[in-house]
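Participant: File follows, entry.cif with mmCIF, C-alpha atoms:
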data_entry
loop_
_atom_site.group_PDB
_atom_site.id
_atom_site.type_symbol
_atom_site.label_atom_id
_atom_site.label_comp_id
_atom_site.auth_asym_id
_atom_site.auth_seq_id
_atom_site.Cartn_x
_atom_site.Cartn_y
_atom_site.Cartn_z
ATOM 1 C CA SER A 1 -14.800 51.523 -64.692
ATOM 2 C CA LEU A 2 -15.927 53.749 -61.828
ATOM 3 C CA GLU A 3 -14.406 57.208 -61.481
ATOM 4 C CA VAL A 4 -14.898 59.599 -58.570
ATOM 5 C CA LEU A 5 -15.559 63.201 -59.624
ATOM 6 C CA ARG A 6 -16.238 66.400 -57.712
ATOM 7 C CA MET A 7 -19.015 68.848 -58.513
ATOM 8 C CA ASP A 8 -18.731 72.537 -57.685
ATOM 9 C CA GLY A 9 -21.487 74.984 -56.823
ATOM 10 C CA GLU A 10 -22.166 75.735 -60.518
ATOM 11 C CA GLY A 11 -22.761 72.099 -61.427
ATOM 12 C CA ARG A 12 -19.452 71.563 -63.220
ATOM 13 C CA LEU A 13 -17.688 68.223 -62.830
ATOM 14 C CA TRP A 14 -13.943 68.038 -62.169
ATOM 15 C CA ARG A 15 -11.542 65.119 -62.176
ATOM 16 C CA LYS A 16 -8.182 64.963 -60.452
ATOM 17 C CA LYS A 17 -5.124 64.413 -62.635
ATOM 18 C CA VAL A 18 -1.572 63.647 -61.510
ATOM 19 C CA ASP A 19 1.273 64.107 -64.010
ATOM 20 C CA ALA A 20 4.585 62.264 -64.186
ATOM 21 C CA ASP A 21 6.222 64.718 -61.784
ATOM 22 C CA GLY A 22 3.574 64.054 -59.132
ATOM 23 C CA ASP A 23 1.866 67.447 -59.520
ATOM 24 C CA ALA A 24 -1.909 67.202 -59.059
ATOM 25 C CA ARG A 25 -4.472 69.375 -60.765
ATOM 26 C CA TYR A 26 -8.217 69.371 -61.462
ATOM 27 C CA GLU A 27 -9.517 69.450 -65.011
ATOM 28 C CA GLU A 28 -13.106 69.865 -66.118
ATOM 29 C CA ALA A 29 -14.762 66.578 -67.073
ATOM 30 C CA PHE A 30 -18.101 67.963 -68.287
ATOM 31 C CA GLY A 31 -19.422 71.484 -68.575
ATOM 32 C CA ALA A 32 -22.699 72.446 -66.899
ATOM 33 C CA GLY A 33 -25.366 71.182 -69.293
ATOM 34 C CA CYS A 34 -22.782 70.254 -71.928
ATOM 35 C CA ALA A 35 -23.470 67.134 -73.973
ATOM 36 C CA LEU A 36 -19.808 66.420 -74.735
ATOM 37 C CA PRO A 37 -16.626 66.908 -72.725
ATOM 38 C CA CYS A 38 -15.829 70.610 -72.899
ATOM 39 C CA ALA A 39 -12.429 71.669 -74.163
ATOM 40 C CA HIS A 40 -11.719 74.187 -71.435
ATOM 41 C CA ALA A 41 -8.160 74.781 -70.354
ATOM 42 C CA PRO A 42 -7.399 72.833 -67.169
ATOM 43 C CA PRO A 43 -7.049 74.898 -64.002
ATOM 44 C CA PRO A 44 -3.546 75.465 -62.609
ATOM 45 C CA ALA A 45 -1.806 72.870 -60.531
ATOM 46 C CA PHE A 46 -1.824 72.938 -56.742
ATOM 47 C CA GLY A 47 0.425 75.589 -55.284
ATOM 48 C CA GLU A 48 -0.114 78.241 -57.982
ATOM 49 C CA GLU A 49 -3.633 79.117 -56.780
ATOM 50 C CA PRO A 50 -6.439 77.272 -54.970
ATOM 51 C CA PRO A 51 -8.013 74.453 -57.019
ATOM 52 C CA PRO A 52 -11.628 74.900 -58.180
ATOM 53 C CA VAL A 53 -12.888 72.146 -55.889
ATOM 54 C CA GLY A 54 -11.408 71.292 -52.513
ATOM 55 C CA ALA A 55 -9.809 67.889 -52.125
ATOM 56 C CA ARG A 56 -11.422 67.440 -48.722
ATOM 57 C CA GLY A 57 -14.773 68.140 -47.165
ATOM 58 C CA LEU A 58 -16.981 66.047 -49.464
ATOM 59 C CA ILE A 59 -18.991 64.917 -46.434
ATOM 60 C CA LYS A 60 -20.680 68.074 -45.169
ATOM 61 C CA ARG A 61 -22.355 66.519 -42.139
ATOM 62 C CA PHE A 62 -21.814 63.137 -40.502
ATOM 63 C CA THR A 63 -23.888 61.837 -37.605
ATOM 64 C CA CYS A 64 -23.401 58.423 -36.033
ATOM 65 C CA ARG A 65 -25.239 56.857 -33.118
ATOM 66 C CA VAL A 66 -24.368 53.401 -31.800
ATOM 67 C CA ASP A 67 -26.008 51.765 -28.785
ATOM 68 C CA THR A 68 -24.233 48.596 -27.672
ATOM 69 C CA ARG A 69 -25.323 45.749 -25.417
ATOM 70 C CA VAL A 70 -23.136 42.816 -24.460
ATOM 71 C CA ILE A 71 -24.799 39.463 -25.124
ATOM 72 C CA LYS A 72 -24.389 37.187 -22.119
ATOM 73 C CA PRO A 73 -24.998 33.424 -21.825
ATOM 74 C CA GLU A 74 -28.444 32.190 -20.911
ATOM 75 C CA LYS A 75 -29.470 32.299 -17.277
ATOM 76 C CA GLY A 76 -28.415 29.206 -15.391
ATOM 77 C CA VAL A 77 -25.636 28.378 -17.875
ATOM 78 C CA SER A 78 -22.113 28.805 -16.577
ATOM 79 C CA ALA A 79 -19.250 30.142 -18.656
ATOM 80 C CA ALA A 80 -17.595 26.712 -18.706
ATOM 81 C CA GLU A 81 -20.792 25.070 -19.942
ATOM 82 C CA ALA A 82 -21.240 27.717 -22.656
ATOM 83 C CA ARG A 83 -17.638 27.236 -23.788
ATOM 84 C CA ARG A 84 -18.051 23.460 -23.923
ATOM 85 C CA ARG A 85 -21.242 23.813 -25.953
ATOM 86 C CA HIS A 86 -19.610 26.089 -28.525
ATOM 87 C CA GLN A 87 -16.521 23.926 -28.889
ATOM 88 C CA GLU A 88 -18.599 20.758 -29.369
ATOM 89 C CA THR A 89 -20.549 22.389 -32.217
ATOM 90 C CA GLN A 90 -17.503 23.927 -33.895
ATOM 91 C CA GLU A 91 -17.728 21.570 -36.893
ATOM 92 C CA VAL A 92 -21.541 21.489 -36.955
ATOM 93 C CA ASP A 93 -23.525 23.607 -39.413
ATOM 94 C CA LEU A 94 -26.050 24.973 -36.936
ATOM 95 C CA VAL A 95 -27.879 27.020 -39.578
ATOM 96 C CA THR A 96 -28.726 23.938 -41.624
ATOM 97 C CA LEU A 97 -29.541 22.027 -38.435
ATOM 98 C CA TYR A 98 -32.023 24.664 -37.206
ATOM 99 C CA ALA A 99 -33.551 25.103 -40.672
ATOM 100 C CA ASP A 100 -34.068 21.357 -41.178
ATOM 101 C CA LYS A 101 -35.657 21.132 -37.735
ATOM 102 C CA TYR A 102 -37.993 23.992 -38.642
ATOM 103 C CA LEU A 103 -39.034 22.286 -41.899
ATOM 104 C CA GLU A 104 -39.561 19.008 -40.076
ATOM 105 C CA ASP A 105 -41.848 20.645 -37.501
ATOM 106 C CA THR A 106 -43.777 22.735 -40.037
ATOM 107 C CA TYR A 107 -44.447 20.439 -43.001
ATOM 108 C CA PRO A 108 -45.383 16.750 -43.450
ATOM 109 C CA SER A 109 -42.551 14.287 -43.192
ATOM 110 C CA LEU A 110 -42.156 13.454 -46.897
ATOM 111 C CA LEU A 111 -42.436 17.085 -48.017
ATOM 112 C CA ALA A 112 -40.037 18.226 -45.301
ATOM 113 C CA LYS A 113 -37.373 15.738 -46.428
ATOM 114 C CA CYS A 114 -37.692 16.869 -50.037
ATOM 115 C CA MET A 115 -37.408 20.535 -49.024
ATOM 116 C CA GLN A 116 -34.405 19.799 -46.816
ATOM 117 C CA ARG A 117 -32.565 18.381 -49.822
ATOM 118 C CA ALA A 118 -33.761 20.892 -52.418
ATOM 119 C CA ILE A 119 -33.452 24.220 -50.581
ATOM 120 C CA PRO A 120 -29.890 25.647 -50.599
ATOM 121 C CA ARG A 121 -28.274 26.844 -47.404
ATOM 122 C CA ARG A 122 -28.557 30.547 -48.253
ATOM 123 C CA LEU A 123 -32.341 30.252 -48.582
ATOM 124 C CA LYS A 124 -32.561 28.125 -45.446
ATOM 125 C CA ALA A 125 -30.965 30.964 -43.499
ATOM 126 C CA THR A 126 -33.992 33.171 -44.323
ATOM 127 C CA LEU A 127 -36.577 30.772 -42.892
ATOM 128 C CA ASP A 128 -38.591 31.785 -39.839
ATOM 129 C CA PHE A 129 -36.713 29.890 -37.131
ATOM 130 C CA ASP A 130 -35.111 31.268 -33.991
ATOM 131 C CA TYR A 131 -31.447 31.202 -33.119
ATOM 132 C CA PRO A 132 -30.252 30.708 -29.540
ATOM 133 C CA SER A 133 -29.295 33.908 -27.796
ATOM 134 C CA ASP A 134 -25.612 32.873 -27.522
ATOM 135 C CA PHE A 135 -25.263 31.822 -31.184
ATOM 136 C CA MET A 136 -21.828 32.328 -32.721
ATOM 137 C CA PRO A 137 -20.583 31.872 -36.293
ATOM 138 C CA ARG A 138 -18.642 28.694 -36.869
ATOM 139 C CA ALA A 139 -15.310 30.516 -37.225
ATOM 140 C CA MET A 140 -15.704 32.014 -33.740
ATOM 141 C CA ARG A 141 -16.504 28.835 -31.811
ATOM 142 C CA ASP A 142 -12.950 27.529 -31.366
ATOM 143 C CA LYS A 143 -12.176 30.041 -28.572
ATOM 144 C CA PRO A 144 -15.540 31.385 -27.393
ATOM 145 C CA LEU A 145 -14.125 32.995 -24.250
ATOM 146 C CA GLU A 146 -12.047 35.328 -26.441
ATOM 147 C CA VAL A 147 -15.091 36.473 -28.440
ATOM 148 C CA LEU A 148 -17.146 39.490 -27.380
ATOM 149 C CA ALA A 149 -20.745 39.266 -28.628
ATOM 150 C CA LEU A 150 -22.507 42.608 -29.083
ATOM 151 C CA ASP A 151 -26.039 43.665 -29.956
ATOM 152 C CA LEU A 152 -25.823 46.929 -31.923
ATOM 153 C CA ASP A 153 -28.460 49.554 -32.613
ATOM 154 C CA MET A 154 -26.965 51.873 -35.232
ATOM 155 C CA ASP A 155 -28.131 55.043 -36.910
ATOM 156 C CA LEU A 156 -25.764 56.599 -39.443
ATOM 157 C CA ALA A 157 -26.428 59.703 -41.532
ATOM 158 C CA MET A 158 -24.218 61.490 -44.065
ATOM 159 C CA ARG A 159 -24.912 64.571 -46.129
ATOM 160 C CA PHE A 160 -22.847 65.539 -49.155
ATOM 161 C CA ASP A 161 -24.918 68.561 -50.229
ATOM 162 C CA SER A 162 -25.391 70.663 -47.062
ATOM 163 C CA THR A 163 -24.781 70.760 -43.319
ATOM 164 C CA GLU A 164 -28.464 70.492 -42.373
ATOM 165 C CA PRO A 165 -29.323 67.432 -40.209
ATOM 166 C CA LEU A 166 -31.320 64.556 -41.656
ATOM 167 C CA PHE A 167 -33.291 64.005 -38.436
ATOM 168 C CA ASP A 168 -34.123 65.818 -35.220
ATOM 169 C CA LEU A 169 -31.303 65.206 -32.783
ATOM 170 C CA ASN A 170 -33.542 65.820 -29.769
ATOM 171 C CA GLU A 171 -36.083 63.198 -30.833
ATOM 172 C CA MET A 172 -33.328 60.635 -31.445
ATOM 173 C CA ASN A 173 -32.099 61.105 -27.849
ATOM 174 C CA LEU A 174 -28.461 60.990 -28.832
ATOM 175 C CA GLY A 175 -26.253 60.203 -25.884
ATOM 176 C CA GLY A 176 -22.626 59.453 -25.209
ATOM 177 C CA PHE A 177 -22.354 56.979 -28.095
ATOM 178 C CA SER A 178 -22.959 59.623 -30.783
ATOM 179 C CA SER A 179 -20.634 61.645 -32.968
ATOM 180 C CA ILE A 180 -21.453 64.704 -35.072
ATOM 181 C CA ALA A 181 -19.092 66.374 -37.533
ATOM 182 C CA GLN A 182 -19.680 69.238 -39.964
ATOM 183 C CA MET A 183 -17.676 70.664 -42.872
ATOM 184 C CA GLU A 184 -18.338 73.799 -44.910
ATOM 185 C CA ASN A 185 -17.511 73.151 -48.570
ATOM 186 C CA ASP A 186 -19.248 73.626 -51.941
ATOM 187 C CA ALA A 187 -17.852 70.393 -53.429
ATOM 188 C CA ARG A 188 -20.192 67.455 -53.948
ATOM 189 C CA LEU A 189 -19.497 63.768 -54.559
ATOM 190 C CA VAL A 190 -20.242 62.343 -58.028
ATOM 191 C CA PHE A 191 -19.497 58.872 -59.437
ATOM 192 C CA PHE A 192 -18.904 58.524 -63.184
ATOM 193 C CA VAL A 193 -19.407 55.093 -64.797
ATOM 194 C CA ARG A 194 -16.989 55.149 -67.726
ATOM 195 C CA GLY A 195 -17.347 52.757 -70.634
ATOM 196 C CA ASP A 196 -14.338 50.662 -71.668
ATOM 197 C CA ASN A 197 -13.485 48.484 -74.690
ATOM 198 C CA GLY A 198 -15.955 50.198 -76.996
ATOM 199 C CA PHE A 199 -18.866 50.305 -74.522
ATOM 200 C CA PRO A 200 -20.475 53.729 -73.971
ATOM 201 C CA SER A 201 -20.330 55.509 -70.622
ATOM 202 C CA LEU A 202 -23.454 54.976 -68.529
ATOM 203 C CA GLY A 203 -23.466 58.391 -66.868
ATOM 204 C CA THR A 204 -23.050 59.949 -63.441
ATOM 205 C CA LEU A 205 -24.468 59.313 -59.980
ATOM 206 C CA GLU A 206 -24.463 62.072 -57.358
ATOM 207 C CA LEU A 207 -24.947 60.968 -53.759
ATOM 208 C CA ARG A 208 -26.514 63.844 -51.822
ATOM 209 C CA SER A 209 -27.519 62.208 -48.558
ATOM 210 C CA LEU A 210 -27.567 58.765 -46.990
ATOM 211 C CA ARG A 211 -29.148 57.414 -43.822
ATOM 212 C CA VAL A 212 -28.917 53.845 -42.546
ATOM 213 C CA GLU A 213 -30.818 52.469 -39.545
ATOM 214 C CA ALA A 214 -29.913 48.929 -38.580
ATOM 215 C CA ASN A 215 -29.993 46.454 -35.739
ATOM 216 C CA ALA A 216 -27.063 44.108 -36.031
ATOM 217 C CA LEU A 217 -25.057 41.498 -34.171
ATOM 218 C CA ALA A 218 -21.280 41.636 -33.953
ATOM 219 C CA TRP A 219 -18.822 38.997 -32.754
ATOM 220 C CA TRP A 220 -15.406 40.456 -31.984
ATOM 221 C CA ASP A 221 -12.475 38.085 -31.657
ATOM 222 C CA VAL A 222 -10.299 40.326 -29.548
ATOM 223 C CA PHE A 223 -6.959 38.531 -29.890
ATOM 224 C CA ASP A 224 -7.245 37.443 -33.538
ATOM 225 C CA GLY A 225 -8.418 40.922 -34.573
ATOM 226 C CA ALA A 226 -11.568 39.970 -36.511
ATOM 227 C CA ILE A 227 -15.220 41.012 -36.421
ATOM 228 C CA ASP A 228 -18.194 39.172 -37.912
ATOM 229 C CA LEU A 229 -21.178 41.480 -38.515
ATOM 230 C CA ALA A 230 -24.689 40.170 -39.208
ATOM 231 C CA PHE A 231 -27.962 42.005 -39.686
ATOM 232 C CA LYS A 232 -31.068 40.621 -38.013
ATOM 233 C CA LYS A 233 -33.604 39.059 -40.349
ATOM 234 C CA ASP A 234 -36.542 40.026 -38.107
ATOM 235 C CA ASP A 235 -35.454 43.701 -38.182
ATOM 236 C CA PRO A 236 -33.773 44.343 -41.561
ATOM 237 C CA PRO A 237 -31.764 47.523 -42.169
ATOM 238 C CA ARG A 238 -33.620 50.589 -43.427
ATOM 239 C CA ILE A 239 -31.953 52.799 -46.022
ATOM 240 C CA ALA A 240 -33.028 56.244 -47.153
ATOM 241 C CA TRP A 241 -30.977 58.324 -49.531
ATOM 242 C CA ASP A 242 -31.188 61.109 -52.050
ATOM 243 C CA ILE A 243 -29.286 60.469 -55.254
ATOM 244 C CA GLU A 244 -29.329 61.986 -58.712
ATOM 245 C CA VAL A 245 -28.621 59.688 -61.657
ATOM 246 C CA ALA A 246 -27.833 61.145 -65.100
ATOM 247 C CA LEU A 247 -27.455 58.886 -68.138
ATOM 248 C CA GLY A 248 -24.809 59.340 -70.806
ATOM 249 C CA HIS A 249 -22.831 62.431 -71.701
ATOM 250 C CA ALA A 250 -26.107 64.323 -72.072
ATOM 251 C CA ARG A 251 -26.787 63.608 -68.352
ATOM 252 C CA LEU A 252 -30.451 62.696 -68.788
ATOM 253 C CA PRO A 253 -32.157 62.408 -65.366
ATOM 254 C CA LEU A 254 -33.994 59.348 -64.071
ATOM 255 C CA PRO A 255 -37.338 59.455 -62.209
ATOM 256 C CA ASP A 256 -37.217 59.509 -58.406
ATOM 257 C CA CYS A 257 -39.006 56.145 -58.142
ATOM 258 C CA ILE A 258 -35.924 54.493 -59.632
ATOM 259 C CA GLU A 259 -33.273 56.725 -58.079
ATOM 260 C CA ASP A 260 -34.436 56.876 -54.464
ATOM 261 C CA THR A 261 -36.797 53.905 -54.049
ATOM 262 C CA PHE A 262 -35.627 51.018 -56.213
ATOM 263 C CA LEU A 263 -31.898 51.512 -55.658
ATOM 264 C CA ALA A 264 -32.397 51.896 -51.898
ATOM 265 C CA TRP A 265 -34.404 48.647 -51.851
ATOM 266 C CA LEU A 266 -31.682 46.916 -53.860
ATOM 267 C CA THR A 267 -28.980 48.113 -51.452
ATOM 268 C CA GLY A 268 -31.041 46.951 -48.460
ATOM 269 C CA THR A 269 -31.403 43.525 -50.058
ATOM 270 C CA VAL A 270 -27.637 43.248 -50.407
ATOM 271 C CA MET A 271 -27.151 44.271 -46.764
ATOM 272 C CA ARG A 272 -29.713 41.698 -45.583
ATOM 273 C CA SER A 273 -27.650 38.980 -47.250
ATOM 274 C CA PHE A 274 -25.082 39.438 -44.459
ATOM 275 C CA ASN A 275 -26.926 37.412 -41.820
ATOM 276 C CA ARG A 276 -25.934 34.932 -39.118
ATOM 277 C CA ALA A 277 -25.258 32.255 -41.724
ATOM 278 C CA TYR A 278 -23.146 34.540 -43.930
ATOM 279 C CA PRO A 279 -21.791 37.359 -41.753
ATOM 280 C CA LEU A 280 -19.672 40.196 -43.042
ATOM 281 C CA HIS A 281 -16.090 39.401 -42.006
ATOM 282 C CA ILE A 282 -13.970 42.425 -41.084
ATOM 283 C CA ALA A 283 -10.267 41.958 -40.352
ATOM 284 C CA ILE A 284 -8.790 44.536 -37.991
ATOM 285 C CA ASP A 285 -5.372 45.107 -36.460
ATOM 286 C CA PRO A 286 -5.622 44.644 -32.682
ATOM 287 C CA ALA A 287 -2.256 46.284 -32.066
ATOM 288 C CA GLY A 288 -3.087 49.374 -34.119
ATOM 289 C CA ALA A 289 -0.021 49.019 -36.352
ATOM 290 C CA SER A 290 -0.200 49.260 -40.108
ATOM 291 C CA SER A 291 0.720 46.370 -42.384
ATOM 292 C CA SER A 292 3.893 48.138 -43.517
ATOM 293 C CA GLU A 293 4.957 48.608 -39.918
ATOM 294 C CA ARG A 294 4.316 44.926 -39.164
ATOM 295 C CA GLU A 295 6.303 43.840 -42.236
ATOM 296 C CA GLU A 296 9.147 46.106 -41.216
ATOM 297 C CA GLN A 297 9.125 44.706 -37.691
ATOM 298 C CA ASP A 298 8.995 41.132 -38.992
ATOM 299 C CA GLY A 299 11.847 41.869 -41.385
ATOM 300 C CA GLU A 300 13.959 43.345 -38.618
ATOM 301 C CA ALA A 301 13.259 40.362 -36.391
ATOM 302 C CA ALA A 302 14.103 37.878 -39.146
ATOM 303 C CA GLY A 303 17.241 39.796 -40.072
ATOM 304 C CA GLY A 304 18.377 39.891 -36.482
ATOM 305 C CA GLU A 305 18.050 36.139 -36.193
ATOM 306 C CA ALA A 306 19.925 35.506 -39.430
ATOM 307 C CA CYS A 307 22.838 37.817 -38.673
ATOM 308 C CA SER A 308 25.755 36.338 -36.816
ATOM 309 C CA ALA A 309 26.916 37.867 -33.573
ATOM 310 C CA PRO A 310 29.477 40.631 -34.071
ATOM 311 C CA ALA A 311 33.037 39.933 -33.072
ATOM 312 C CA PRO A 312 34.153 41.657 -29.864
ATOM 313 C CA ALA A 313 36.081 44.855 -30.478
ATOM 314 C CA ALA A 314 39.799 44.830 -29.703
ATOM 315 C CA VAL A 315 40.705 47.159 -26.849
ATOM 316 C CA GLU A 316 44.273 48.391 -26.403
ATOM 317 C CA LEU A 317 45.210 48.786 -22.732
ATOM 318 C CA PRO A 318 47.857 51.272 -21.695
ATOM 319 C CA PRO A 319 51.172 49.761 -20.581
ATOM 320 C CA ILE A 320 51.641 49.152 -16.862
ATOM 321 C CA SER A 321 54.467 51.053 -15.280
ATOM 322 C CA GLU A 322 57.010 49.475 -12.895
ATOM 323 C CA ALA A 323 55.563 51.426 -9.926
ATOM 324 C CA GLU A 324 52.053 50.020 -10.561
ATOM 325 C CA GLN A 325 53.477 46.555 -10.829
#
Just dump the structure as structure tokens.
Facilitator:
Amino acid sequence: SLEVLRMDGEGRLWRKKVDADGDARYEEAFGAGCALPCAHAPPPAFGEEPPPVGARGLIKRFTCRVDTRVIKPEKGVSAAEARRRHQETQEVDLVTLYADKYLEDTYPSLLAKCMQRAIPRRLKATLDFDYPSDFMPRAMRDKPLEVLALDLDMDLAMRFDSTEPLFDLNEMNLGGFSSIAQMENDARLVFFVRGDNGFPSLGTLELRSLRVEANALAWWDVFDGAIDLAFKKDDPPRIAWDIEVALGHARLPLPDCIEDTFLAWLTGTVMRSFNRAYPLHIAIDPAGASSSEREEQDGEAAGGEACSAPAPAAVELPPISEAEQ
């Protein structure tokens, strides 16, 4: 199991505990340099005095830059023609179609047919063929006029150890599509991989900084509230981070070639798997209401339909005098 811990300025790790009454407190998980969990008395609960590590402010500096460009249909193609083309290919696997055409044009006929049958679709999506500029995932082709296609150039940086920037803001030419936030706090983010069912704990992982540069495509179905995100195979995402991995209760460190290089490459490989053939599907709420609010509204609507109309209230009129008659 994965547990989120907080590290203070002295290198001590703290975990958050909530008792039966709902009172939260931090207790020390490991002492600084201690091989076994230290038997220190837990710090007081919230409200008696400040906790040793703040519950907020784990991200010391966050910088985000996003440049967007709307993808338009090809020149000379009307909106009606583009819609007809997408709707006709709604049930067609265009990725397999383009990949098979690429194999047919690149290799001899017999070898191409064998490769078309043997290569799975996920590997076909990585072949060096070009997609049309107005390509859409299959799930978005039923109502193409309601889909907004975007070309995104993103640069995201987070620091968990200090407020110093990861790159020169002037050189990046950050404009109106950027956001910078800073937080002063000594707490740092640490993940603890706990062993269960007799397996030993693997150790801790401290994420100090993370930077992601990526060029991606996004298809936003405005009315259905869904986004499909795909990274370009000709310009894969670039990841740079600074992490500290410690094994076991003794917290033995790993070399930087494994911590910063291999794990970053592995994460980039996972991100590249979200391509045009297998985009990352993100469900959003177009109305901005939470699920509990929607359920409450649906329940009220259903209850209102099921309830019978109330009987009209009886009103007693005053008696009419003989003069009024």
Participant: Care to translate the PyMOL selection byres ((chain A and resi 263-278) around 6) into actual residues of this file, as a count of residues only?
Facilitator: 9
Participant: Can you turn the PyMOL selection byres ((chain A and resi 27) around 6) into a concrete residue list for this file, as number ranges by chain?
Facilitator: A: 14-15, 26, 28, 42
Participant: How many Å lie between CA of Pro73 in chain A and CA of Ala216 in chain A, rounded to one decimal?
Facilitator: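 Pair CA of Pro73 in chain A / CA of Ala216 in chain A returns 17.9 Å.
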Participant: As a PyMOL selection string, please: the residues near Gly203 in chain A (cut-off 6 Å, all atoms listed in the file, same-chain neighbours under 2 positions excluded).
Facilitator: chain A and resi 192-193+201+246-248
Participant: What residues come out when you apply the PyMOL selection byres ((chain A and resi 217-222) around 12) to this file, written as a ChimeraX atom specification?
Facilitator: /A:67-71,133-154,214-216,223-233,235-236,274-277,279-287
Participant: So which one's closest to Ala187 in chain A, A:Leu58, A:Leu2, A:Ala99, A:Ala20? Using all atoms listed in the file, please.
Facilitator: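 Closest to Ala187 in chain A, using all atoms listed in the file: A:Leu58.
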Participant: Which distance in Å separates CA of Pro165 in chain A and CA of Ser209 in chain A, to one decimal?
Facilitator: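 So the answer is 10.0 Å.
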Participant: Extract, using all atoms listed in the file, all DNA, RNA and protein residues at most 12 Å from Leu127 in chain A, discarding same-chain residues fewer than 6 positions from it, and format them as a PyMOL selection string.
Facilitator: chain A and resi 95-96+98-103+106+115-116+119-121+233-234+275+277
Participant: For Arg194 in chain A, which of A:Ala80, A:Asp105, A:Val4, A:Asp155 is the closest residue, counting only C-alpha atoms?
Facilitator: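 Among A:Ala80, A:Asp105, A:Val4, A:Asp155, it is A:Val4 that comes nearest to Arg194 in chain A.
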Participant: Which centre and edge lengths in Å to one decimal define the box along x, y and z that fits every listed atom of range 106-122 of chain A plus 3 Å per side, as JSON?
Facilitator:
{"center_x": -36.8, "center_y": 22.0, "center_z": -46.2, "size_x": 23.1, "size_y": 23.1, "size_z": 18.4}
Participant: Rounded to one decimal, what separation in Å do you get between CA of Pro132 in chain A and CA of Cys64 in chain A?
Facilitator: 29.3 Å
